[in-house]
Amino acid sequence: MSAPLSDLYREQARTLRRFARRIEQLDALLLHRLTGPDTWVGPTPQWADGLVRGHRTTLLDEVDRLRRVASALERKAADAEAAERATNALTGAR
């Protein structure tokens with residue numbers, strides 16, 4: 001017998017949350033602390049700082065998005081579980 005849909009949704013949600021935590025632990029998110037006039041050779045330090053901070057913001061935005069999708073999957077899991085219970089109640093299955 002296959003796993004109930006609610007279990008699959010919850011597992012997907014857990015996977016997304018684990019991935020979000022891994023992104024938050026990336027050293028790249030701390031790189032903005034190292035930018036400045038003494039650490040950059042090339043285009044202006046302000047450009048480099050802006051670039052690094054922009055990428056950091058993008059990563060953190062994606063972390064938020066992953067968590068929103070995980071929450072939506074949790075809601076779908078709850079809905080699927082309720083539907084499974086209702087179906088079982090109608091059919092007498094356990």
# chains A, B, ... in the order shown; residues from 1 in each chain; ligands from 1
>>> select_by_dssp(residues="range 36-84 of chain A", states="helix (DSSP H, G or I)", output="VMD selection string")
chain A and resid 45 to 84
>>> write_last_selection(atoms="N, CA and C atoms", output="compact mmCIF listing (two decimals), in the first residue's frame")
# COMPACT_ATOMS: atom_id res chain seq x y z
N PRO A 45 34.47 49.48 -4.91
CA PRO A 45 34.06 48.69 -3.75
C PRO A 45 32.55 48.77 -3.51
N GLN A 46 31.97 49.92 -3.82
CA GLN A 46 30.52 50.05 -3.63
C GLN A 46 29.77 49.09 -4.55
N TRP A 47 30.26 48.93 -5.78
CA TRP A 47 29.64 48.01 -6.72
C TRP A 47 29.74 46.58 -6.18
N ALA A 48 30.92 46.21 -5.71
CA ALA A 48 31.12 44.86 -5.18
C ALA A 48 30.22 44.62 -3.96
N ASP A 49 30.18 45.60 -3.08
CA ASP A 49 29.35 45.48 -1.89
C ASP A 49 27.87 45.32 -2.28
N GLY A 50 27.43 46.13 -3.22
CA GLY A 50 26.04 46.04 -3.68
C GLY A 50 25.74 44.69 -4.31
N LEU A 51 26.68 44.18 -5.09
CA LEU A 51 26.50 42.88 -5.73
C LEU A 51 26.38 41.77 -4.68
N VAL A 52 27.28 41.76 -3.72
CA VAL A 52 27.27 40.74 -2.68
C VAL A 52 26.00 40.84 -1.84
N ARG A 53 25.64 42.04 -1.47
CA ARG A 53 24.41 42.21 -0.68
C ARG A 53 23.17 41.83 -1.48
N GLY A 54 23.18 42.11 -2.76
CA GLY A 54 22.05 41.72 -3.61
C GLY A 54 21.89 40.22 -3.69
N HIS A 55 23.00 39.51 -3.84
CA HIS A 55 22.93 38.04 -3.87
C HIS A 55 22.48 37.49 -2.52
N ARG A 56 22.94 38.11 -1.45
CA ARG A 56 22.52 37.69 -0.11
C ARG A 56 21.01 37.86 0.05
N THR A 57 20.50 38.99 -0.38
CA THR A 57 19.06 39.25 -0.30
C THR A 57 18.29 38.22 -1.11
N THR A 58 18.79 37.89 -2.30
CA THR A 58 18.13 36.89 -3.14
C THR A 58 18.08 35.54 -2.43
N LEU A 59 19.19 35.13 -1.84
CA LEU A 59 19.21 33.86 -1.12
C LEU A 59 18.22 33.86 0.05
N LEU A 60 18.20 34.93 0.80
CA LEU A 60 17.28 35.00 1.94
C LEU A 60 15.83 35.06 1.49
N ASP A 61 15.57 35.71 0.37
CA ASP A 61 14.21 35.71 -0.19
C ASP A 61 13.79 34.30 -0.56
N GLU A 62 14.72 33.53 -1.12
CA GLU A 62 14.41 32.15 -1.49
C GLU A 62 14.17 31.28 -0.26
N VAL A 63 14.91 31.55 0.81
CA VAL A 63 14.66 30.83 2.08
C VAL A 63 13.22 31.09 2.53
N ASP A 64 12.81 32.34 2.48
CA ASP A 64 11.43 32.68 2.85
C ASP A 64 10.43 31.97 1.94
N ARG A 65 10.72 31.94 0.66
CA ARG A 65 9.82 31.29 -0.28
C ARG A 65 9.72 29.80 0.00
N LEU A 66 10.86 29.16 0.28
CA LEU A 66 10.85 27.73 0.60
C LEU A 66 9.98 27.46 1.83
N ARG A 67 10.09 28.33 2.81
CA ARG A 67 9.28 28.15 4.02
C ARG A 67 7.79 28.38 3.75
N ARG A 68 7.47 29.34 2.88
CA ARG A 68 6.06 29.55 2.53
C ARG A 68 5.49 28.33 1.81
N VAL A 69 6.27 27.77 0.89
CA VAL A 69 5.81 26.58 0.17
C VAL A 69 5.66 25.41 1.14
N ALA A 70 6.61 25.28 2.08
CA ALA A 70 6.51 24.22 3.08
C ALA A 70 5.24 24.37 3.91
N SER A 71 4.92 25.59 4.29
CA SER A 71 3.68 25.83 5.05
C SER A 71 2.45 25.47 4.22
N ALA A 72 2.49 25.81 2.94
CA ALA A 72 1.37 25.47 2.06
C ALA A 72 1.22 23.94 1.95
N LEU A 73 2.35 23.24 1.89
CA LEU A 73 2.30 21.79 1.83
C LEU A 73 1.74 21.20 3.13
N GLU A 74 2.09 21.81 4.25
CA GLU A 74 1.53 21.35 5.54
C GLU A 74 0.01 21.52 5.55
N ARG A 75 -0.46 22.64 5.00
CA ARG A 75 -1.91 22.85 4.93
C ARG A 75 -2.57 21.82 4.01
N LYS A 76 -1.91 21.53 2.88
CA LYS A 76 -2.42 20.51 1.97
C LYS A 76 -2.44 19.14 2.65
N ALA A 77 -1.41 18.87 3.46
CA ALA A 77 -1.36 17.60 4.18
C ALA A 77 -2.53 17.48 5.14
N ALA A 78 -2.81 18.56 5.85
CA ALA A 78 -3.94 18.55 6.79
C ALA A 78 -5.25 18.35 6.05
N ASP A 79 -5.40 19.01 4.91
CA ASP A 79 -6.62 18.84 4.10
C ASP A 79 -6.74 17.41 3.58
N ALA A 80 -5.62 16.87 3.11
CA ALA A 80 -5.63 15.50 2.59
C ALA A 80 -5.95 14.51 3.70
N GLU A 81 -5.40 14.75 4.87
CA GLU A 81 -5.66 13.87 6.01
C GLU A 81 -7.14 13.91 6.39
N ALA A 82 -7.72 15.11 6.40
CA ALA A 82 -9.14 15.24 6.71
C ALA A 82 -9.98 14.52 5.67
N ALA A 83 -9.60 14.63 4.41
CA ALA A 83 -10.34 13.94 3.34
C ALA A 83 -10.20 12.43 3.48
N GLU A 84 -9.01 11.97 3.85
CA GLU A 84 -8.80 10.53 4.06
C GLU A 84 -9.67 10.02 5.21
>>> atom_distance(atom1="CA of Thr91 in chain A", atom2="CA of Leu8 in chain A")
22.6 Å
>>> atom_distance(atom1="CA of Leu90 in chain A", atom2="CA of Leu5 in chain A")
18.3 Å
>>> atom_distance(atom1="CA of Asp7 in chain A", atom2="CA of Leu26 in chain A")
29.2 Å
